[in-house]
Each structure stands twice: as structure tokens, then as C-alpha cells.
Amino acid sequence: MEQLMDAIVKPAAGPGLTLRKVPVPVPGPGEVLIKVHKTAICGTDVHIYNWDPWAQVHIKPPMTIGHEYVGEVAALGAGVTGLTVGQRVSGEGHITCHRCRNCHNGDIQWCKDTLSVGVDRDGAFAEYVCIPQSNVIIIDEGLPEDVVAFFDAFGNATHTALMFPLIGEDVLITGAGPIGIIAAGICKFAGARRVIITDVNDYRLELARKMGVDAAVNTAREDLPQIMKDQGLTEGFDVGLEMSGNGRALQQLIGSMRNGGKVSLLGISNKPVELDMNTIITKGLTLQGIYGRKMDNWHQMSYMVQGGLDVTPVITHRFHYTDFEKGFQAMLSGNSGKVVLDWTK
């Protein structure tokens, strides 16, 4: 008899999500079935909830969504070795081809044939999720599950923040969403001298302060150049992290960099953004696009948390999965950080 489980599903084209019974996945050869303990809501999940233009292009209902999670191995498909039932795990959400040039070079984040868990195939907002063994990440039992639940997003922040050397550097982060806030903590942990974050959301700027930034600037009413002066910056920022996808924020970041500065670009815009090419050229700036995570970021995250990096201030809401609507409303309000759903009770 087919086993059923609870799952948060996009049932059809249109706004909203539904909690319903769906079949428990059966792991095929080389696959692992994971019993989900905790999940976290991502901005991508909010796009799917809203059924915005991005979701209309990428999501093919009905499907289970979600890609940030932690759990334990529940079953092993044929040929799987090196894992045991009951072992704590998470999973890299980008399932790649293993054949292209980037996959062969270890740069799986750039695989041209990536399939994303919770976007291109059924996801982790369910009692069980099934992924290839190559995507399973073993998680130390000592790490807090509420934090590991959003290691996917933490990994985006890690990839972005650690793209360029940070020791003794001054860093500007534009966009105080959860990933930008986590990145701020990483920058301080990794040895940055000054970390300044900008946004227009006072709630999230306050979360950034709890993560230890040197200044959290509301650009709607505060003057960034004056705050730079107050913080002892004389030539501009050494490293910039653009996390907002906002064109005006990017322009301000570029204008605030020192000559020879380095910029990581993670934020994605919903419309074309105009760039000041003359400033980029005359300042000799390096701009690096960031997508997903490097596999090594998973190890770095574990080691940073074990080494004392506290990212718990970014967690603002916890709900049982049956109250997922409250979680999405918290995300939609803008007055939230990471929202964690519990699947164990």
C-alpha cells in the first residue's frame, strides 16, 4: 500500500499553498530518502507563494516546494554507500549533471543543466524528501537544527562574503535581507575591520545590529558618506556585497568603493539595472556574479558555527509546519528574518 505524508504543495497556477497528503517518495538507485526535521522559508518560496512572474515561468504545479532543511536518513536506494539510517543530514539543493565542464572542475554552482529541489522537482516542505546521494551533506550532531535548517541560505551568504579576502578590510553590504544579515556576521567573523549594511527596513537593520555590524544605515533618511566618515573610511570600501537586487543600491555601492575594490553580486533584480560603466572602469573595480553555493561552503558553515559564529539572531519566527501560513505572512510583512518550520512534533 502506498504510504502518504503531509506536504506543503503548490496545487495549481495561482497564489497560495496547500497542506495536503502526497505519496512518500521511494528512493531509486543512488538516491537517499530523508526524514525532515526542520525547514526554513526562503525568498524563493515566497515568490512561489505569491505566484509572481518568476514563479509562473519556473514552477510546474502540482508540486511540493521548499529547499532549506535538516533531517535524518530514512532509507537508502540501491548502490548507496557511506551513509546510515538515522544519520543527521541536509542536502545541496542544486542537482547537477556531473558531465559538463563546470561539474568536472568542481564548480557545480555553474552547471548549465541544474535542477533545483523545490523548484524543478519536489522539495523539502514535507515529512520526507528524496535526493541523490551526491547531494547529501552529513551534518555534525552538535550543530543546532534551527540553524542547519537554513544552511542553504547561509551558504549563499558564505559564498558571497568569502569571495574576496576580508581581513582588515572595510565592507559595504547593500540589502539587509536574511542573507545580507548573515553575510554581515560572516564578514565580522572573518576579520573585516568595518562592516556597514544599508536598507530602508528598520526592522531588518536592527537584526543586522544584533549580528554585530558597525553601522546599519537607513538610506531613506541617513547619509552614507557621512557615516563612512564617522567610521574612519577615507578612500571608500574595499569589498562590496550587493544583496538587494535594487538598482539604486548597486549604484550607491559602486560609487562608494575605493579604486581597485572588489564587489560580489548576489541580489537578483526583477528588471534590467543600469550600470555606471565609466565609474567601474576608471575605479578598476572587480565585479563577480555569485550563484548558489560552492560545495566547500557547507564545510565552512559548519566550521564557522563550531568556531563561535552565532547566526541565531537572524531567526525571528518558529512555527509548526501546520501553521505555515503564519510563517509566510511573517515573511510577507517584511518584519522577519529567517522563519523556521518544525516537522518533528
# chains A, B, ... in the order shown; residues from 1 in each chain; ligands from 1
>>> closest_atom_pairs(of="stretch 62-171 of chain A", to="stretch 253-277 of chain A", cutoff="10 Å", atoms="only C-alpha atoms", output="JSON lines")
{"residue": "A:Asn156", "atom": "CA", "partner": "A:Leu266", "partner_atom": "CA", "distance": 8.0}
{"residue": "A:Ala157", "atom": "CA", "partner": "A:Leu266", "partner_atom": "CA", "distance": 8.6}
{"residue": "A:His159", "atom": "CA", "partner": "A:Ser264", "partner_atom": "CA", "distance": 9.1}
{"residue": "A:Thr160", "atom": "CA", "partner": "A:Ser264", "partner_atom": "CA", "distance": 5.8}
{"residue": "A:Ala161", "atom": "CA", "partner": "A:Ser264", "partner_atom": "CA", "distance": 7.5}
{"residue": "A:Leu162", "atom": "CA", "partner": "A:Ser264", "partner_atom": "CA", "distance": 9.2}
{"residue": "A:Met163", "atom": "CA", "partner": "A:Ser264", "partner_atom": "CA", "distance": 7.0}
{"residue": "A:Phe164", "atom": "CA", "partner": "A:Lys262", "partner_atom": "CA", "distance": 7.1}
{"residue": "A:Pro165", "atom": "CA", "partner": "A:Lys262", "partner_atom": "CA", "distance": 9.3}
{"residue": "A:Asp170", "atom": "CA", "partner": "A:Met257", "partner_atom": "CA", "distance": 9.7}
{"residue": "A:Val171", "atom": "CA", "partner": "A:Met257", "partner_atom": "CA", "distance": 9.2}
>>> write_last_selection(atoms="C-alpha atoms", output="JSON list (two decimals), in the first residue's frame")
[["chain", "number", "residue", "atom", "x", "y", "z"],
["A", 156, "ASN", "CA", 24.66, 31.83, -0.32],
["A", 157, "ALA", "CA", 25.88, 34.33, 2.26],
["A", 159, "HIS", "CA", 29.81, 32.18, -0.99],
["A", 160, "THR", "CA", 29.18, 35.91, -1.40],
["A", 161, "ALA", "CA", 31.07, 37.11, 1.67],
["A", 162, "LEU", "CA", 34.15, 34.92, 1.26],
["A", 163, "MET", "CA", 34.64, 35.52, -2.46],
["A", 164, "PHE", "CA", 37.34, 38.10, -1.68],
["A", 165, "PRO", "CA", 39.82, 38.46, 1.25],
["A", 170, "ASP", "CA", 36.05, 47.67, 5.07],
["A", 171, "VAL", "CA", 32.87, 46.09, 3.72]]
>>> select_by_dssp(residues="stretch 133-270 of chain A", states="strand (DSSP E)", output="ChimeraX atom specification")
/A:136-138,170-174,194-199,215-218,237-242,257-265
>>> residues_around(residues="stretch 15-30 of chain A", least_positions_apart="2", cutoff="6 Å", atoms="only C-alpha atoms", output="tab-separated table (two decimals) with all heavy atoms, in the first residue's frame")
chain	number	residue	atom	x	y	z
A	3	GLN	N	2.41	4.66	0.87
A	3	GLN	CA	2.46	5.48	2.08
A	3	GLN	C	2.27	6.95	1.73
A	3	GLN	O	2.76	7.43	0.70
A	3	GLN	CB	3.79	5.29	2.78
A	3	GLN	CG	3.98	3.93	3.42
A	3	GLN	CD	5.28	3.87	4.21
A	3	GLN	OE1	6.37	4.00	3.66
A	3	GLN	NE2	5.16	3.67	5.51
A	4	LEU	N	1.56	7.66	2.61
A	4	LEU	CA	1.29	9.07	2.39
A	4	LEU	C	1.96	9.91	3.49
A	4	LEU	O	2.23	9.43	4.59
A	4	LEU	CB	-0.21	9.34	2.37
A	4	LEU	CG	-1.03	8.63	1.29
A	4	LEU	CD1	-2.50	8.97	1.43
A	4	LEU	CD2	-0.52	9.00	-0.10
A	5	MET	N	2.19	11.17	3.16
A	5	MET	CA	2.80	12.10	4.11
A	5	MET	C	2.19	13.48	3.93
A	5	MET	O	1.59	13.79	2.89
A	5	MET	CB	4.32	12.18	3.87
A	5	MET	CG	4.69	12.77	2.51
A	5	MET	SD	6.48	12.96	2.29
A	5	MET	CE	6.56	13.69	0.65
A	6	ASP	N	2.37	14.35	4.93
A	6	ASP	CA	1.99	15.75	4.80
A	6	ASP	C	3.03	16.49	3.96
A	6	ASP	O	4.24	16.25	4.10
A	6	ASP	CB	1.91	16.42	6.17
A	6	ASP	CG	0.61	16.10	6.90
A	6	ASP	OD1	-0.30	15.51	6.28
A	6	ASP	OD2	0.52	16.43	8.10
A	7	ALA	N	2.56	17.41	3.13
A	7	ALA	CA	3.46	18.23	2.33
A	7	ALA	C	2.79	19.57	2.04
A	7	ALA	O	1.56	19.65	1.94
A	7	ALA	CB	3.82	17.54	1.02
A	8	ILE	N	3.61	20.61	1.93
A	8	ILE	CA	3.13	21.94	1.54
A	8	ILE	C	3.30	22.05	0.04
A	8	ILE	O	4.41	22.01	-0.49
A	8	ILE	CB	3.89	23.05	2.28
A	8	ILE	CG1	3.70	22.90	3.79
A	8	ILE	CG2	3.42	24.43	1.81
A	8	ILE	CD1	4.59	23.82	4.61
A	9	VAL	N	2.17	22.18	-0.65
A	9	VAL	CA	2.12	21.98	-2.10
A	9	VAL	C	1.61	23.24	-2.80
A	9	VAL	O	0.70	23.92	-2.30
A	9	VAL	CB	1.20	20.78	-2.43
A	9	VAL	CG1	1.01	20.63	-3.94
A	9	VAL	CG2	1.77	19.50	-1.83
A	10	LYS	N	2.21	23.54	-3.95
A	10	LYS	CA	1.62	24.49	-4.90
A	10	LYS	C	0.68	23.65	-5.76
A	10	LYS	O	1.11	22.92	-6.65
A	10	LYS	CB	2.69	25.15	-5.74
A	10	LYS	CG	2.15	25.99	-6.91
A	10	LYS	CD	1.33	27.17	-6.47
A	10	LYS	CE	2.16	28.30	-5.94
A	10	LYS	NZ	1.35	29.52	-5.66
A	32	VAL	N	18.67	8.91	-1.76
A	32	VAL	CA	18.53	8.82	-0.31
A	32	VAL	C	17.21	9.47	0.09
A	32	VAL	O	16.89	10.58	-0.34
A	32	VAL	CB	19.70	9.53	0.40
A	32	VAL	CG1	19.51	9.50	1.92
A	32	VAL	CG2	21.03	8.88	0.02
A	33	LEU	N	16.45	8.77	0.93
A	33	LEU	CA	15.22	9.33	1.49
A	33	LEU	C	15.55	9.95	2.84
A	33	LEU	O	16.16	9.31	3.70
A	33	LEU	CB	14.16	8.25	1.66
A	33	LEU	CG	12.80	8.74	2.18
A	33	LEU	CD1	12.11	9.60	1.13
A	33	LEU	CD2	11.91	7.55	2.58
A	49	TYR	N	4.81	31.26	-3.47
A	49	TYR	CA	3.56	31.52	-2.75
A	49	TYR	C	2.76	32.61	-3.46
A	49	TYR	O	1.54	32.47	-3.68
A	49	TYR	CB	3.88	31.93	-1.31
A	49	TYR	CG	2.67	32.19	-0.44
A	49	TYR	CD1	2.15	31.20	0.37
A	49	TYR	CD2	2.05	33.46	-0.42
A	49	TYR	CE1	1.03	31.45	1.18
A	49	TYR	CE2	0.95	33.71	0.37
A	49	TYR	CZ	0.45	32.70	1.17
A	49	TYR	OH	-0.66	32.94	1.96
A	50	ASN	N	3.44	33.70	-3.83
A	50	ASN	CA	2.76	34.83	-4.46
A	50	ASN	C	2.36	34.56	-5.90
A	50	ASN	O	1.53	35.27	-6.47
A	50	ASN	CB	3.68	36.06	-4.43
A	50	ASN	CG	3.84	36.64	-3.05
A	50	ASN	OD1	2.99	36.45	-2.18
A	50	ASN	ND2	4.94	37.35	-2.83
A	51	TRP	N	3.00	33.55	-6.51
A	51	TRP	CA	2.80	33.25	-7.94
A	51	TRP	C	3.15	34.47	-8.79
A	51	TRP	O	2.41	34.90	-9.67
A	51	TRP	CB	1.38	32.77	-8.23
A	51	TRP	CG	1.26	32.04	-9.53
A	51	TRP	CD1	0.48	32.37	-10.60
A	51	TRP	CD2	1.95	30.83	-9.92
A	51	TRP	NE1	0.64	31.47	-11.64
A	51	TRP	CE2	1.54	30.50	-11.24
A	51	TRP	CE3	2.88	30.01	-9.30
A	51	TRP	CZ2	2.03	29.39	-11.92
A	51	TRP	CZ3	3.36	28.90	-9.98
A	51	TRP	CH2	2.92	28.61	-11.27
A	77	GLY	N	18.63	4.08	-1.27
A	77	GLY	CA	18.37	3.39	-2.53
A	77	GLY	C	19.50	2.43	-2.86
A	77	GLY	O	20.57	2.44	-2.22
A	78	ALA	N	19.27	1.62	-3.86
A	78	ALA	CA	20.27	0.63	-4.27
A	78	ALA	C	21.59	1.31	-4.63
A	78	ALA	O	21.61	2.35	-5.30
A	78	ALA	CB	19.75	-0.16	-5.46
A	79	GLY	N	22.69	0.75	-4.16
A	79	GLY	CA	24.02	1.24	-4.50
A	79	GLY	C	24.54	2.36	-3.65
A	79	GLY	O	25.69	2.79	-3.83
A	80	VAL	N	23.75	2.85	-2.70
A	80	VAL	CA	24.21	3.94	-1.84
A	80	VAL	C	25.12	3.38	-0.74
A	80	VAL	O	24.76	2.44	-0.05
A	80	VAL	CB	23.03	4.70	-1.21
A	80	VAL	CG1	23.53	5.73	-0.21
A	80	VAL	CG2	22.20	5.38	-2.29
A	132	PRO	N	19.59	12.74	-4.69
A	132	PRO	CA	20.73	11.87	-4.99
A	132	PRO	C	21.74	11.85	-3.84
A	132	PRO	O	21.92	12.85	-3.14
A	132	PRO	CB	21.34	12.50	-6.25
A	132	PRO	CG	20.25	13.34	-6.84
A	132	PRO	CD	19.45	13.83	-5.68
A	133	GLN	N	22.43	10.73	-3.68
A	133	GLN	CA	23.45	10.63	-2.63
A	133	GLN	C	24.50	11.72	-2.77
A	133	GLN	O	25.00	12.25	-1.78
A	133	GLN	CB	24.12	9.26	-2.67
A	133	GLN	CG	25.22	9.11	-1.62
A	133	GLN	CD	25.99	7.80	-1.72
A	133	GLN	OE1	25.77	7.02	-2.63
A	133	GLN	NE2	26.88	7.56	-0.77
>>> residues_around(residues="stretch 299-307 of chain A", least_positions_apart="2", cutoff="9 Å", atoms="only C-alpha atoms", output="PyMOL selection string")
chain A and resi 139-140+142-143+148+151+154-155+158+186+189+295-297+309-311
>>> closest_residue(among="A:Pro144, A:Gly289, A:Pro178, A:Gly212", to="A:Lys338", atoms="only C-alpha atoms")
A:Pro178
